[in-house]
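Below: one structure, written as structure tokens.
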Amino acid sequence: MPTSVKSGTATRRILSDVYVWTGAILFAFAAGAAYLAMSFDPTSRTFPLVVSIIMMFAGGGIFLQALSSHEHRPLPLHEFGTIGLAVIAIVLWGLGLAFGLGFLLSTIALMMAMLWLSGLRTPLRALVISSVIAAVAYGLFVMVLNVHLPSSFLSFIAPGL
């Protein structure tokens, strides 16, 4: 087999490996988060910056490990619809934060969407689980880490609600 055919096959194999894409996308999103975190006020900057740097190292590690591995894990093309819906849910969560829905309500909606996409179809159970996750995250960010969350139209009840 000619060298150009071998290299073309190897390139296609690498570009269709799920871990190559996972590492590259994780690194790119983490780099964007680090860039955005640099614009935060000094009291709110540390935690998101540290987490995004850790994510950059993890993404880079996944990417490099996938390139050096001889094992091929093909992309799950049959699951792109679910992945697309998850991306839409995350974008809507970000828009909810940006346009005044607040952390708690946006996060509950995001968690309910993610639970539904993962197969949990009981609305009341999804609401309870989502509320607990959002309340724990809210408590961690606001009360423990003293992170200023985006303002909400319900901020008169609690900051970042």
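Chain labels run A, B, ... following the order of the structure tokens; each chain numbers its residues from 1, and ligands are numbered from 1 in the order shown.
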
Considering only C-alpha atoms, tabulate each residue of region 2-85 of chain A that lies at most 12 Å from region 138-142 of chain A along with its nearest interatomic pair and the corresponding distance in Å to one decimal; arrange the rows by chain and ascending residue number and present them as a tab-separated table.
residue	atom	partner	partner_atom	distance
A:Thr43	CA	A:Val142	CA	11.9
A:Ser44	CA	A:Phe141	CA	9.7
A:Phe47	CA	A:Phe141	CA	9.4
A:Pro48	CA	A:Phe141	CA	10.6

Using N, CA, C and O atoms, can you write the selected residues to a file as a PDB file, in the first residue's frame?
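In the end it all went to again_15.pdb:
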ATOM      1  N   THR A  43     -12.280  38.924  43.217  1.00  0.00           N
ATOM      2  CA  THR A  43     -12.820  37.983  44.200  1.00  0.00           C
ATOM      3  C   THR A  43     -13.527  36.808  43.537  1.00  0.00           C
ATOM      4  O   THR A  43     -13.622  35.742  44.134  1.00  0.00           O
ATOM      5  N   SER A  44     -14.015  36.986  42.320  1.00  0.00           N
ATOM      6  CA  SER A  44     -14.753  35.922  41.631  1.00  0.00           C
ATOM      7  C   SER A  44     -13.898  35.175  40.610  1.00  0.00           C
ATOM      8  O   SER A  44     -14.337  34.173  40.071  1.00  0.00           O
ATOM      9  N   PHE A  47     -11.628  30.855  41.332  1.00  0.00           N
ATOM     10  CA  PHE A  47     -12.218  29.522  41.176  1.00  0.00           C
ATOM     11  C   PHE A  47     -12.453  29.159  39.707  1.00  0.00           C
ATOM     12  O   PHE A  47     -12.001  28.092  39.257  1.00  0.00           O
ATOM     13  N   PRO A  48     -13.148  29.990  38.907  1.00  0.00           N
ATOM     14  CA  PRO A  48     -13.363  29.593  37.511  1.00  0.00           C
ATOM     15  C   PRO A  48     -12.063  29.505  36.717  1.00  0.00           C
ATOM     16  O   PRO A  48     -11.938  28.675  35.823  1.00  0.00           O
TER      17      PRO A  48
END

Selection: 9 Å around Tyr19 (chain A), only C-alpha atoms, excl. self and same-chain fewer than 4 positions, as JSON, numbers by chain: {"A": [23, 24, 62, 63, 65, 66, 67, 72, 73, 74, 75]}

Selected residue of minimal separation from Ser106 (chain A) among A:Met143, A:Ile14, A:Leu149, A:Met38, counting only C-alpha atoms: A:Leu149

Distance of CA of Val20 (chain A) from CA of Ala34 (chain A), expressed in Å to one decimal place: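 If I compute the distance from CA of Ala34 (chain A) to CA of Val20 (chain A), I get 21.1 Å.
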
Exercise: region 112-122 of chain A partners within 9 Å, only C-alpha atoms, chain neighbours under 2 positions left out, as a list of chain:residue names: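 Neighbouring residues, sequence-local ones excluded: A:Thr82, A:Ile83, A:Leu85, A:Ala86, A:Ala89, A:Thr107, A:Ile108, A:Ala109, A:Leu110, A:Leu124, A:Arg125, A:Ala126, A:Leu127, A:Ile129, A:Ser130, A:Ser131.
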
Limited to N, CA, C and O atoms, could you put the picked residues into a file as a PDB file, in the first residue's frame?
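Saved to again09.pdb:
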ATOM      1  N   THR A  82     -28.779  13.535  20.253  1.00  0.00           N
ATOM      2  CA  THR A  82     -28.763  13.760  21.698  1.00  0.00           C
ATOM      3  C   THR A  82     -27.702  14.777  22.071  1.00  0.00           C
ATOM      4  O   THR A  82     -27.927  15.658  22.902  1.00  0.00           O
ATOM      5  N   ILE A  83     -26.544  14.665  21.439  1.00  0.00           N
ATOM      6  CA  ILE A  83     -25.463  15.614  21.707  1.00  0.00           C
ATOM      7  C   ILE A  83     -25.896  17.026  21.299  1.00  0.00           C
ATOM      8  O   ILE A  83     -25.663  17.990  22.025  1.00  0.00           O
ATOM      9  N   LEU A  85     -28.953  18.221  21.174  1.00  0.00           N
ATOM     10  CA  LEU A  85     -29.931  18.716  22.150  1.00  0.00           C
ATOM     11  C   LEU A  85     -29.247  19.148  23.444  1.00  0.00           C
ATOM     12  O   LEU A  85     -29.651  20.141  24.068  1.00  0.00           O
ATOM     13  N   ALA A  86     -28.207  18.424  23.857  1.00  0.00           N
ATOM     14  CA  ALA A  86     -27.465  18.806  25.060  1.00  0.00           C
ATOM     15  C   ALA A  86     -26.767  20.147  24.857  1.00  0.00           C
ATOM     16  O   ALA A  86     -26.768  21.006  25.752  1.00  0.00           O
ATOM     17  N   ALA A  89     -29.347  22.834  25.095  1.00  0.00           N
ATOM     18  CA  ALA A  89     -29.725  23.063  26.503  1.00  0.00           C
ATOM     19  C   ALA A  89     -28.676  23.917  27.215  1.00  0.00           C
ATOM     20  O   ALA A  89     -29.017  24.820  27.979  1.00  0.00           O
ATOM     21  N   THR A 107     -30.213  26.739  36.200  1.00  0.00           N
ATOM     22  CA  THR A 107     -29.565  25.467  36.480  1.00  0.00           C
ATOM     23  C   THR A 107     -30.578  24.352  36.664  1.00  0.00           C
ATOM     24  O   THR A 107     -30.356  23.221  36.222  1.00  0.00           O
ATOM     25  N   ILE A 108     -31.697  24.639  37.299  1.00  0.00           N
ATOM     26  CA  ILE A 108     -32.754  23.627  37.431  1.00  0.00           C
ATOM     27  C   ILE A 108     -33.248  23.215  36.044  1.00  0.00           C
ATOM     28  O   ILE A 108     -33.401  22.022  35.757  1.00  0.00           O
ATOM     29  N   ALA A 109     -33.466  24.187  35.172  1.00  0.00           N
ATOM     30  CA  ALA A 109     -33.922  23.870  33.811  1.00  0.00           C
ATOM     31  C   ALA A 109     -32.869  23.058  33.053  1.00  0.00           C
ATOM     32  O   ALA A 109     -33.203  22.073  32.364  1.00  0.00           O
ATOM     33  N   LEU A 110     -31.601  23.435  33.182  1.00  0.00           N
ATOM     34  CA  LEU A 110     -30.532  22.685  32.514  1.00  0.00           C
ATOM     35  C   LEU A 110     -30.456  21.255  33.039  1.00  0.00           C
ATOM     36  O   LEU A 110     -30.368  20.298  32.253  1.00  0.00           O
ATOM     37  N   LEU A 124     -41.519  14.771  38.012  1.00  0.00           N
ATOM     38  CA  LEU A 124     -41.389  15.145  39.420  1.00  0.00           C
ATOM     39  C   LEU A 124     -40.031  14.714  39.975  1.00  0.00           C
ATOM     40  O   LEU A 124     -39.369  15.478  40.677  1.00  0.00           O
ATOM     41  N   ARG A 125     -39.618  13.517  39.643  1.00  0.00           N
ATOM     42  CA  ARG A 125     -38.311  13.041  40.104  1.00  0.00           C
ATOM     43  C   ARG A 125     -37.184  13.898  39.519  1.00  0.00           C
ATOM     44  O   ARG A 125     -36.229  14.244  40.216  1.00  0.00           O
ATOM     45  N   ALA A 126     -37.285  14.235  38.240  1.00  0.00           N
ATOM     46  CA  ALA A 126     -36.283  15.082  37.600  1.00  0.00           C
ATOM     47  C   ALA A 126     -36.246  16.458  38.260  1.00  0.00           C
ATOM     48  O   ALA A 126     -35.168  17.033  38.469  1.00  0.00           O
ATOM     49  N   LEU A 127     -37.404  16.997  38.602  1.00  0.00           N
ATOM     50  CA  LEU A 127     -37.462  18.304  39.262  1.00  0.00           C
ATOM     51  C   LEU A 127     -36.803  18.251  40.638  1.00  0.00           C
ATOM     52  O   LEU A 127     -36.042  19.159  41.003  1.00  0.00           O
ATOM     53  N   ILE A 129     -34.472  16.056  41.753  1.00  0.00           N
ATOM     54  CA  ILE A 129     -33.033  15.862  41.592  1.00  0.00           C
ATOM     55  C   ILE A 129     -32.373  17.149  41.102  1.00  0.00           C
ATOM     56  O   ILE A 129     -31.326  17.562  41.618  1.00  0.00           O
ATOM     57  N   SER A 130     -32.982  17.803  40.123  1.00  0.00           N
ATOM     58  CA  SER A 130     -32.435  19.050  39.585  1.00  0.00           C
ATOM     59  C   SER A 130     -32.398  20.144  40.642  1.00  0.00           C
ATOM     60  O   SER A 130     -31.426  20.906  40.718  1.00  0.00           O
ATOM     61  N   SER A 131     -33.437  20.234  41.442  1.00  0.00           N
ATOM     62  CA  SER A 131     -33.491  21.251  42.497  1.00  0.00           C
ATOM     63  C   SER A 131     -32.405  21.027  43.542  1.00  0.00           C
ATOM     64  O   SER A 131     -31.771  21.977  44.013  1.00  0.00           O
TER      65      SER A 131
END

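Across the model, the gap from CA of Ile157 (chain A) to CA of Asp41 (chain A) is 23.5 Å.
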
Helix (DSSP H, G or I) per DSSP on the backbone: members of region 72-160 of chain A, as number ranges by chain: A: 77-98, 103-117, 123-144

Pick from A:Pro76, A:Ala158, A:Ile133, A:Pro150, whichever lies nearest to Gly94 (chain A) using only C-alpha atoms: A:Pro150

Which of A:Ala134, A:Leu145, A:Arg13, A:Ser39 sits closest to His70 (chain A) [using only C-alpha atoms]: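 With only C-alpha atoms as the atom set, the closest residue is A:Arg13.
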